[in-house]
$ cat run-v5.pdb   # PDB, N, CA and C atoms
ATOM      1  N   MET A   1       0.835  -1.190   0.000
ATOM      2  CA  MET A   1       0.000   0.000   0.000
ATOM      3  C   MET A   1       0.876   1.248   0.000
ATOM      4  N   ASN A   2       0.328   2.311  -0.515
ATOM      5  CA  ASN A   2       0.972   3.615  -0.439
ATOM      6  C   ASN A   2       0.554   4.282   0.864
ATOM      7  N   TYR A   3       1.268   5.331   1.224
ATOM      8  CA  TYR A   3       0.811   6.107   2.370
ATOM      9  C   TYR A   3       0.909   7.595   2.062
ATOM     10  N   LEU A   4       0.012   8.321   2.711
ATOM     11  CA  LEU A   4      -0.071   9.771   2.561
ATOM     12  C   LEU A   4      -0.046  10.365   3.962
ATOM     13  N   VAL A   5       0.834  11.312   4.185
ATOM     14  CA  VAL A   5       0.920  11.961   5.491
ATOM     15  C   VAL A   5       0.219  13.306   5.382
ATOM     16  N   LYS A   6      -0.863  13.449   6.115
ATOM     17  CA  LYS A   6      -1.623  14.708   6.109
ATOM     18  C   LYS A   6      -0.767  15.833   6.689
ATOM     19  N   ALA A   7      -1.063  17.046   6.261
ATOM     20  CA  ALA A   7      -0.322  18.220   6.722
ATOM     21  C   ALA A   7      -0.363  18.339   8.245
ATOM     22  N   ARG A   8      -1.491  18.000   8.834
ATOM     23  CA  ARG A   8      -1.637  18.098  10.294
ATOM     24  C   ARG A   8      -0.657  17.151  10.989
ATOM     25  N   ALA A   9      -0.453  15.959  10.444
ATOM     26  CA  ALA A   9       0.489  15.005  11.027
ATOM     27  C   ALA A   9       1.920  15.524  10.900
ATOM     28  N   ARG A  10       2.249  16.150   9.765
ATOM     29  CA  ARG A  10       3.583  16.740   9.592
ATOM     30  C   ARG A  10       3.797  17.872  10.603
ATOM     31  N   LEU A  11       2.748  18.647  10.837
ATOM     32  CA  LEU A  11       2.829  19.721  11.820
ATOM     33  C   LEU A  11       3.024  19.156  13.229
ATOM     34  N   ASP A  12       2.324  18.058  13.529
ATOM     35  CA  ASP A  12       2.523  17.385  14.816
ATOM     36  C   ASP A  12       3.992  17.008  14.989
ATOM     37  N   LEU A  13       4.584  16.406  13.959
ATOM     38  CA  LEU A  13       5.989  16.002  14.039
ATOM     39  C   LEU A  13       6.912  17.205  14.244
ATOM     40  N   LYS A  14       6.595  18.287  13.590
ATOM     41  CA  LYS A  14       7.398  19.506  13.736
ATOM     42  C   LYS A  14       7.369  19.997  15.189
ATOM     43  N   HIS A  15       6.190  19.968  15.799
ATOM     44  CA  HIS A  15       6.058  20.390  17.193
ATOM     45  C   HIS A  15       6.826  19.442  18.117
ATOM     46  N   HIS A  16       6.707  18.148  17.882
ATOM     47  CA  HIS A  16       7.436  17.172  18.709
ATOM     48  C   HIS A  16       8.942  17.359  18.548
ATOM     49  N   TRP A  17       9.379  17.608  17.303
ATOM     50  CA  TRP A  17      10.802  17.803  17.056
ATOM     51  C   TRP A  17      11.318  18.997  17.865
ATOM     52  N   ARG A  18      10.596  20.100  17.812
ATOM     53  CA  ARG A  18      11.015  21.302  18.551
ATOM     54  C   ARG A  18      11.106  21.042  20.052
ATOM     55  N   TYR A  19      10.119  20.345  20.576
ATOM     56  CA  TYR A  19      10.094  20.056  22.005
ATOM     57  C   TYR A  19      11.295  19.203  22.399
ATOM     58  N   ILE A  20      11.518  18.124  21.682
ATOM     59  CA  ILE A  20      12.622  17.206  22.000
ATOM     60  C   ILE A  20      13.974  17.873  21.749
ATOM     61  N   ALA A  21      14.072  18.651  20.675
ATOM     62  CA  ALA A  21      15.336  19.295  20.312
ATOM     63  C   ALA A  21      15.796  20.285  21.382
ATOM     64  N   GLY A  22      14.888  20.780  22.187
ATOM     65  CA  GLY A  22      15.274  21.680  23.268
ATOM     66  C   GLY A  22      16.264  21.039  24.226
ATOM     67  N   ASP A  23      16.159  19.730  24.388
ATOM     68  CA  ASP A  23      17.070  18.991  25.268
ATOM     69  C   ASP A  23      18.060  18.120  24.508
ATOM     70  N   ASN A  24      17.622  17.593  23.355
ATOM     71  CA  ASN A  24      18.451  16.606  22.662
ATOM     72  C   ASN A  24      18.185  16.651  21.153
ATOM     73  N   PRO A  25      18.903  17.504  20.430
ATOM     74  CA  PRO A  25      18.672  17.632  18.985
ATOM     75  C   PRO A  25      18.847  16.319  18.213
ATOM     76  N   ALA A  26      19.788  15.483  18.622
ATOM     77  CA  ALA A  26      20.001  14.207  17.928
ATOM     78  C   ALA A  26      18.776  13.299  18.080
ATOM     79  N   ALA A  27      18.199  13.275  19.267
ATOM     80  CA  ALA A  27      16.996  12.465  19.486
ATOM     81  C   ALA A  27      15.825  13.009  18.676
ATOM     82  N   ALA A  28      15.733  14.326  18.570
ATOM     83  CA  ALA A  28      14.663  14.936  17.771
ATOM     84  C   ALA A  28      14.784  14.525  16.315
ATOM     85  N   ASP A  29      16.018  14.548  15.792
ATOM     86  CA  ASP A  29      16.234  14.109  14.412
ATOM     87  C   ASP A  29      15.877  12.640  14.244
ATOM     88  N   GLN A  30      16.226  11.839  15.239
ATOM     89  CA  GLN A  30      15.925  10.404  15.184
ATOM     90  C   GLN A  30      14.415  10.166  15.177
ATOM     91  N   LEU A  31      13.663  10.976  15.897
ATOM     92  CA  LEU A  31      12.202  10.844  15.881
ATOM     93  C   LEU A  31      11.673  10.957  14.459
ATOM     94  N   LEU A  32      12.166  11.920  13.707
ATOM     95  CA  LEU A  32      11.692  12.096  12.329
ATOM     96  C   LEU A  32      12.022  10.881  11.469
ATOM     97  N   VAL A  33      13.208  10.333  11.650
ATOM     98  CA  VAL A  33      13.637   9.157  10.868
ATOM     99  C   VAL A  33      12.757   7.952  11.189
ATOM    100  N   VAL A  34      12.589   7.664  12.474
ATOM    101  CA  VAL A  34      11.823   6.469  12.842
ATOM    102  C   VAL A  34      10.327   6.656  12.607
ATOM    103  N   ALA A  35       9.841   7.886  12.643
ATOM    104  CA  ALA A  35       8.430   8.121  12.317
ATOM    105  C   ALA A  35       8.182   7.731  10.862
ATOM    106  N   GLU A  36       9.067   8.159   9.973
ATOM    107  CA  GLU A  36       8.922   7.815   8.552
ATOM    108  C   GLU A  36       9.005   6.300   8.354
ATOM    109  N   GLU A  37       9.906   5.646   9.077
ATOM    110  CA  GLU A  37       9.999   4.182   9.009
ATOM    111  C   GLU A  37       8.715   3.541   9.520
ATOM    112  N   SER A  38       8.143   4.113  10.573
ATOM    113  CA  SER A  38       6.880   3.595  11.110
ATOM    114  C   SER A  38       5.761   3.741  10.089
ATOM    115  N   PHE A  39       5.727   4.872   9.363
ATOM    116  CA  PHE A  39       4.709   5.069   8.328
ATOM    117  C   PHE A  39       4.826   3.981   7.259
ATOM    118  N   LYS A  40       6.041   3.692   6.845
ATOM    119  CA  LYS A  40       6.264   2.659   5.819
ATOM    120  C   LYS A  40       5.824   1.291   6.323
ATOM    121  N   ARG A  41       6.156   0.982   7.570
ATOM    122  CA  ARG A  41       5.780  -0.309   8.157
ATOM    123  C   ARG A  41       4.265  -0.437   8.242
ATOM    124  N   ILE A  42       3.602   0.640   8.624
ATOM    125  CA  ILE A  42       2.137   0.632   8.697
ATOM    126  C   ILE A  42       1.554   0.415   7.306
ATOM    127  N   ALA A  43       2.104   1.084   6.295
ATOM    128  CA  ALA A  43       1.598   0.932   4.926
ATOM    129  C   ALA A  43       1.766  -0.495   4.427
ATOM    130  N   GLU A  44       2.830  -1.166   4.853
ATOM    131  CA  GLU A  44       3.057  -2.555   4.449
ATOM    132  C   GLU A  44       2.053  -3.500   5.098
ATOM    133  N   ASN A  45       1.593  -3.163   6.304
ATOM    134  CA  ASN A  45       0.662  -4.009   7.034
ATOM    135  C   ASN A  45      -0.286  -3.131   7.857
ATOM    136  N   PRO A  46      -1.317  -2.584   7.223
ATOM    137  CA  PRO A  46      -2.210  -1.638   7.898
ATOM    138  C   PRO A  46      -2.927  -2.195   9.126
ATOM    139  N   ASP A  47      -3.080  -3.502   9.208
ATOM    140  CA  ASP A  47      -3.775  -4.094  10.353
ATOM    141  C   ASP A  47      -2.888  -4.196  11.592
ATOM    142  N   ILE A  48      -1.652  -3.736  11.483
ATOM    143  CA  ILE A  48      -0.688  -3.844  12.576
ATOM    144  C   ILE A  48      -1.075  -2.998  13.785
ATOM    145  N   GLY A  49      -1.802  -1.925  13.564
ATOM    146  CA  GLY A  49      -2.160  -1.016  14.652
ATOM    147  C   GLY A  49      -3.395  -1.450  15.411
ATOM    148  N   SER A  50      -3.591  -0.838  16.554
ATOM    149  CA  SER A  50      -4.770  -1.107  17.382
ATOM    150  C   SER A  50      -5.937  -0.257  16.904
ATOM    151  N   GLN A  51      -7.100  -0.878  16.855
ATOM    152  CA  GLN A  51      -8.315  -0.153  16.472
ATOM    153  C   GLN A  51      -8.662   0.833  17.567
ATOM    154  N   ARG A  52      -8.976   2.061  17.180
ATOM    155  CA  ARG A  52      -9.347   3.097  18.141
ATOM    156  C   ARG A  52     -10.797   3.488  17.916
ATOM    157  N   SER A  53     -11.430   3.974  18.946
ATOM    158  CA  SER A  53     -12.817   4.398  18.832
ATOM    159  C   SER A  53     -12.942   5.843  19.297
ATOM    160  N   PHE A  54     -13.207   6.706  18.349
ATOM    161  CA  PHE A  54     -13.477   8.108  18.648
ATOM    162  C   PHE A  54     -14.874   8.378  18.119
ATOM    163  N   ARG A  55     -15.717   8.962  18.919
ATOM    164  CA  ARG A  55     -17.149   9.070  18.645
ATOM    165  C   ARG A  55     -17.544   9.246  17.187
ATOM    166  N   ARG A  56     -17.006  10.238  16.532
ATOM    167  CA  ARG A  56     -17.469  10.553  15.178
ATOM    168  C   ARG A  56     -16.550  10.026  14.084
ATOM    169  N   ILE A  57     -15.421   9.512  14.440
ATOM    170  CA  ILE A  57     -14.455   9.041  13.451
ATOM    171  C   ILE A  57     -14.324   7.529  13.582
ATOM    172  N   VAL A  58     -14.544   6.827  12.510
ATOM    173  CA  VAL A  58     -14.428   5.369  12.540
ATOM    174  C   VAL A  58     -13.236   4.936  11.697
ATOM    175  N   GLY A  59     -12.735   3.753  12.000
ATOM    176  CA  GLY A  59     -11.656   3.193  11.209
ATOM    177  C   GLY A  59     -10.290   3.763  11.528
ATOM    178  N   VAL A  60     -10.149   4.402  12.677
ATOM    179  CA  VAL A  60      -8.849   4.944  13.076
ATOM    180  C   VAL A  60      -8.081   3.863  13.827
ATOM    181  N   ARG A  61      -6.833   3.717  13.473
ATOM    182  CA  ARG A  61      -5.937   2.791  14.161
ATOM    183  C   ARG A  61      -4.754   3.592  14.679
ATOM    184  N   SER A  62      -4.043   3.015  15.637
ATOM    185  CA  SER A  62      -2.842   3.680  16.139
ATOM    186  C   SER A  62      -1.728   2.664  16.303
ATOM    187  N   ARG A  63      -0.529   3.180  16.206
ATOM    188  CA  ARG A  63       0.680   2.371  16.364
ATOM    189  C   ARG A  63       1.757   3.281  16.929
ATOM    190  N   ALA A  64       2.511   2.783  17.907
ATOM    191  CA  ALA A  64       3.592   3.574  18.497
ATOM    192  C   ALA A  64       4.715   3.765  17.489
ATOM    193  N   VAL A  65       5.352   4.927  17.564
ATOM    194  CA  VAL A  65       6.535   5.194  16.759
ATOM    195  C   VAL A  65       7.669   4.357  17.345
ATOM    196  N   THR A  66       8.338   3.594  16.511
ATOM    197  CA  THR A  66       9.411   2.706  16.954
ATOM    198  C   THR A  66      10.478   3.491  17.721
ATOM    199  N   GLY A  67      10.755   3.052  18.946
ATOM    200  CA  GLY A  67      11.772   3.706  19.757
ATOM    201  C   GLY A  67      11.288   4.926  20.513
ATOM    202  N   PHE A  68      10.097   5.390  20.204
ATOM    203  CA  PHE A  68       9.491   6.542  20.873
ATOM    204  C   PHE A  68       8.068   6.145  21.259
ATOM    205  N   GLY A  69       7.959   5.164  22.142
ATOM    206  CA  GLY A  69       6.680   4.545  22.472
ATOM    207  C   GLY A  69       5.589   5.463  22.956
ATOM    208  N   ASN A  70       5.954   6.650  23.441
ATOM    209  CA  ASN A  70       4.934   7.593  23.899
ATOM    210  C   ASN A  70       4.274   8.336  22.751
ATOM    211  N   TYR A  71       4.858   8.266  21.568
ATOM    212  CA  TYR A  71       4.311   8.961  20.396
ATOM    213  C   TYR A  71       3.558   7.958  19.535
ATOM    214  N   LEU A  72       2.326   8.283  19.223
ATOM    215  CA  LEU A  72       1.450   7.374  18.491
ATOM    216  C   LEU A  72       1.108   7.934  17.122
ATOM    217  N   VAL A  73       1.148   7.053  16.139
ATOM    218  CA  VAL A  73       0.729   7.384  14.782
ATOM    219  C   VAL A  73      -0.734   6.971  14.665
ATOM    220  N   PHE A  74      -1.592   7.882  14.264
ATOM    221  CA  PHE A  74      -3.002   7.590  14.041
ATOM    222  C   PHE A  74      -3.254   7.618  12.544
ATOM    223  N   TYR A  75      -3.916   6.586  12.051
ATOM    224  CA  TYR A  75      -4.089   6.461  10.607
ATOM    225  C   TYR A  75      -5.394   5.763  10.258
ATOM    226  N   GLN A  76      -5.789   5.943   9.006
ATOM    227  CA  GLN A  76      -6.963   5.277   8.439
ATOM    228  C   GLN A  76      -6.551   4.676   7.102
ATOM    229  N   THR A  77      -7.228   3.612   6.722
ATOM    230  CA  THR A  77      -7.022   3.029   5.413
ATOM    231  C   THR A  77      -8.148   3.500   4.516
ATOM    232  N   ARG A  78      -7.782   4.078   3.381
ATOM    233  CA  ARG A  78      -8.766   4.561   2.413
ATOM    234  C   ARG A  78      -8.405   3.959   1.065
ATOM    235  N   GLY A  79      -9.145   2.945   0.685
ATOM    236  CA  GLY A  79      -8.832   2.238  -0.554
ATOM    237  C   GLY A  79      -7.480   1.564  -0.436
ATOM    238  N   LYS A  80      -6.574   1.890  -1.337
ATOM    239  CA  LYS A  80      -5.237   1.301  -1.315
ATOM    240  C   LYS A  80      -4.207   2.255  -0.718
ATOM    241  N   THR A  81      -4.672   3.206   0.070
ATOM    242  CA  THR A  81      -3.784   4.192   0.676
ATOM    243  C   THR A  81      -3.991   4.234   2.184
ATOM    244  N   VAL A  82      -2.898   4.261   2.900
ATOM    245  CA  VAL A  82      -2.934   4.501   4.341
ATOM    246  C   VAL A  82      -2.732   5.998   4.534
ATOM    247  N   VAL A  83      -3.669   6.620   5.238
ATOM    248  CA  VAL A  83      -3.607   8.060   5.469
ATOM    249  C   VAL A  83      -3.183   8.283   6.926
ATOM    250  N   ILE A  84      -2.012   8.881   7.099
ATOM    251  CA  ILE A  84      -1.507   9.217   8.431
ATOM    252  C   ILE A  84      -2.161  10.544   8.807
ATOM    253  N   VAL A  85      -3.038  10.500   9.817
ATOM    254  CA  VAL A  85      -3.808  11.695  10.144
ATOM    255  C   VAL A  85      -3.212  12.519  11.278
ATOM    256  N   ARG A  86      -2.590  11.871  12.242
ATOM    257  CA  ARG A  86      -1.990  12.596  13.363
ATOM    258  C   ARG A  86      -0.813  11.788  13.911
ATOM    259  N   VAL A  87       0.091  12.485  14.585
ATOM    260  CA  VAL A  87       1.151  11.866  15.380
ATOM    261  C   VAL A  87       1.123  12.604  16.709
ATOM    262  N   LEU A  88       0.648  11.915  17.746
ATOM    263  CA  LEU A  88       0.386  12.571  19.026
ATOM    264  C   LEU A  88       1.071  11.855  20.174
ATOM    265  N   HIS A  89       1.342  12.607  21.223
ATOM    266  CA  HIS A  89       1.862  12.009  22.441
ATOM    267  C   HIS A  89       0.706  11.282  23.120
ATOM    268  N   GLY A  90       0.953  10.079  23.580
ATOM    269  CA  GLY A  90      -0.092   9.235  24.147
ATOM    270  C   GLY A  90      -0.715   9.746  25.431
ATOM    271  N   MET A  91      -0.067  10.698  26.096
ATOM    272  CA  MET A  91      -0.619  11.210  27.349
ATOM    273  C   MET A  91      -1.568  12.393  27.129
ATOM    274  N   ARG A  92      -1.808  12.760  25.892
ATOM    275  CA  ARG A  92      -2.723  13.859  25.585
ATOM    276  C   ARG A  92      -4.172  13.374  25.704
ATOM    277  N   ASP A  93      -5.094  14.303  25.688
ATOM    278  CA  ASP A  93      -6.525  13.997  25.665
ATOM    279  C   ASP A  93      -6.865  13.634  24.221
ATOM    280  N   LEU A  94      -6.621  12.401  23.850
ATOM    281  CA  LEU A  94      -6.677  11.987  22.449
ATOM    282  C   LEU A  94      -8.023  12.205  21.763
ATOM    283  N   PRO A  95      -9.156  11.871  22.376
ATOM    284  CA  PRO A  95     -10.428  12.089  21.673
ATOM    285  C   PRO A  95     -10.631  13.538  21.230
ATOM    286  N   ARG A  96     -10.092  14.472  21.971
ATOM    287  CA  ARG A  96     -10.227  15.891  21.628
ATOM    288  C   ARG A  96      -9.624  16.199  20.265
ATOM    289  N   PHE A  97      -8.615  15.450  19.860
ATOM    290  CA  PHE A  97      -7.946  15.690  18.588
ATOM    291  C   PHE A  97      -8.676  15.072  17.401
ATOM    292  N   PHE A  98      -9.733  14.325  17.677
ATOM    293  CA  PHE A  98     -10.421  13.620  16.609
ATOM    294  C   PHE A  98     -11.865  14.046  16.424
ATOM    295  N   LEU A  99     -12.142  15.292  16.734
ATOM    296  CA  LEU A  99     -13.448  15.831  16.406
ATOM    297  C   LEU A  99     -13.510  15.938  14.893
ATOM    298  N   LYS A 100     -14.650  15.753  14.316
ATOM    299  CA  LYS A 100     -14.811  15.696  12.861
ATOM    300  C   LYS A 100     -14.154  16.867  12.131
ATOM    301  N   ARG A 101     -14.245  18.045  12.667
ATOM    302  CA  ARG A 101     -13.740  19.223  11.988
ATOM    303  C   ARG A 101     -12.215  19.310  11.989
ATOM    304  N   ARG A 102     -11.517  18.523  12.807
ATOM    305  CA  ARG A 102     -10.064  18.649  12.945
ATOM    306  C   ARG A 102      -9.290  17.606  12.169
ATOM    307  N   VAL A 103      -9.901  16.552  11.681
ATOM    308  CA  VAL A 103      -9.157  15.493  10.980
ATOM    309  C   VAL A 103      -8.883  15.885   9.564
TER
END
$ encode --input "run-v5.pdb" --output "structure tokens"
Amino acid sequence: MNYLVKARARLDLKHHWRYIAGDNPAAADQLLVVAEESFKRIAENPDIGSQRSFRRIVGVRSRAVTGFGNYLVFYQTRGKTVVIVRVLHGMRDLPRFFLKRRV
């Protein structure tokens, strides 16, 4: 399968990079590398993630970013494409990020 990373997910990664880079720029760079690897792995096997339930959004799955277990990739499968919709820290109020108007 192919994958598409939504602009919002790229923005999430940018924010995470800035936060981590404040203490450890090398780790921040590594987050970007392993996130991209995680996207590829998800596209190869979309069922690998856990099914999530957010009131108005169906078919969302999540998978931890390899080596950064607190960061979760949220994605949906649309036809033959995996759409990466968000990359969020797992300790956030996750349902709040999945209101219909924000995806």
$ resolve_selection --input "run-v5.pdb" --expression "the PyMOL selection byres (((chain A and resi 49 and name CA) around 7) and name CA)" --output "PyMOL selection string"
chain A and resi 46-48+50-51+61-63
$ residues_near_point --input "run-v5.pdb" --point "(4.2, 3.7, 5.0)" --cutoff "8 Å" --atoms "only N, CA and C atoms" --output "list in words"
Met1, Asn2, Tyr3, Leu4, Glu36, Glu37, Ser38, Phe39, Lys40, Arg41, Ile42, Ala43, Glu44, Asn45 and Val82 of chain A
$ atom_distance --input "run-v5.pdb" --atom1 "atom C of Leu88 of chain A" --atom2 "atom CA of Asn70 of chain A"
6.9 Å
$ select_by_dssp --input "run-v5.pdb" --residues "segment 2-98 of chain A" --states "strand (DSSP E)" --output "MDAnalysis selection string"
chainID A and resid 2:5 50:54 57:65 68:78 81:89
$ atom_distance --input "run-v5.pdb" --atom1 "atom CA of Tyr75 of chain A" --atom2 "atom N of Ala7 of chain A"
11.8 Å
$ atom_distance --input "run-v5.pdb" --atom1 "atom C of Tyr71 of chain A" --atom2 "atom CA of Val87 of chain A"
6.2 Å
$ residues_around --input "run-v5.pdb" --residues "Ala35 of chain A" --least-positions-apart "4" --cutoff "6 Å" --atoms "only N, CA and C atoms" --output "PyMOL selection string"
chain A and resi 30-31+39+65-66
$ write_last_selection --input "run-v5.pdb" --atoms "N, CA and C atoms" --output "PDB file, in the coordinates of the input"
ATOM      1  N   GLN A  30      16.226  11.839  15.239  1.00  0.00           N
ATOM      2  CA  GLN A  30      15.925  10.404  15.184  1.00  0.00           C
ATOM      3  C   GLN A  30      14.415  10.166  15.177  1.00  0.00           C
ATOM      4  N   LEU A  31      13.663  10.976  15.897  1.00  0.00           N
ATOM      5  CA  LEU A  31      12.202  10.844  15.881  1.00  0.00           C
ATOM      6  C   LEU A  31      11.673  10.957  14.459  1.00  0.00           C
ATOM      7  N   PHE A  39       5.727   4.872   9.363  1.00  0.00           N
ATOM      8  CA  PHE A  39       4.709   5.069   8.328  1.00  0.00           C
ATOM      9  C   PHE A  39       4.826   3.981   7.259  1.00  0.00           C
ATOM     10  N   VAL A  65       5.352   4.927  17.564  1.00  0.00           N
ATOM     11  CA  VAL A  65       6.535   5.194  16.759  1.00  0.00           C
ATOM     12  C   VAL A  65       7.669   4.357  17.345  1.00  0.00           C
ATOM     13  N   THR A  66       8.338   3.594  16.511  1.00  0.00           N
ATOM     14  CA  THR A  66       9.411   2.706  16.954  1.00  0.00           C
ATOM     15  C   THR A  66      10.478   3.491  17.721  1.00  0.00           C
TER      16      THR A  66
END
$ closest_residue --input "run-v5.pdb" --among "A:Arg18, A:Val83, A:Asn24, A:His89" --to "Lys6 of chain A" --atoms "all atoms listed in the file"
A:Val83
$ select_by_dssp --input "run-v5.pdb" --residues "chain A" --states "helix (DSSP H, G or I)" --output "MDAnalysis selection string"
chainID A and resid 7:21 25:44 46:48 94:98 100:102
$ axis_aligned_box --input "run-v5.pdb" --around "segment 21-33 of chain A" --padding-each-side "6 Å" --output "AutoDock Vina command-line options"
--center_x 15.8 --center_y 14.8 --center_z 18.1 --size_x 20.3 --size_y 25.7 --size_z 26.4
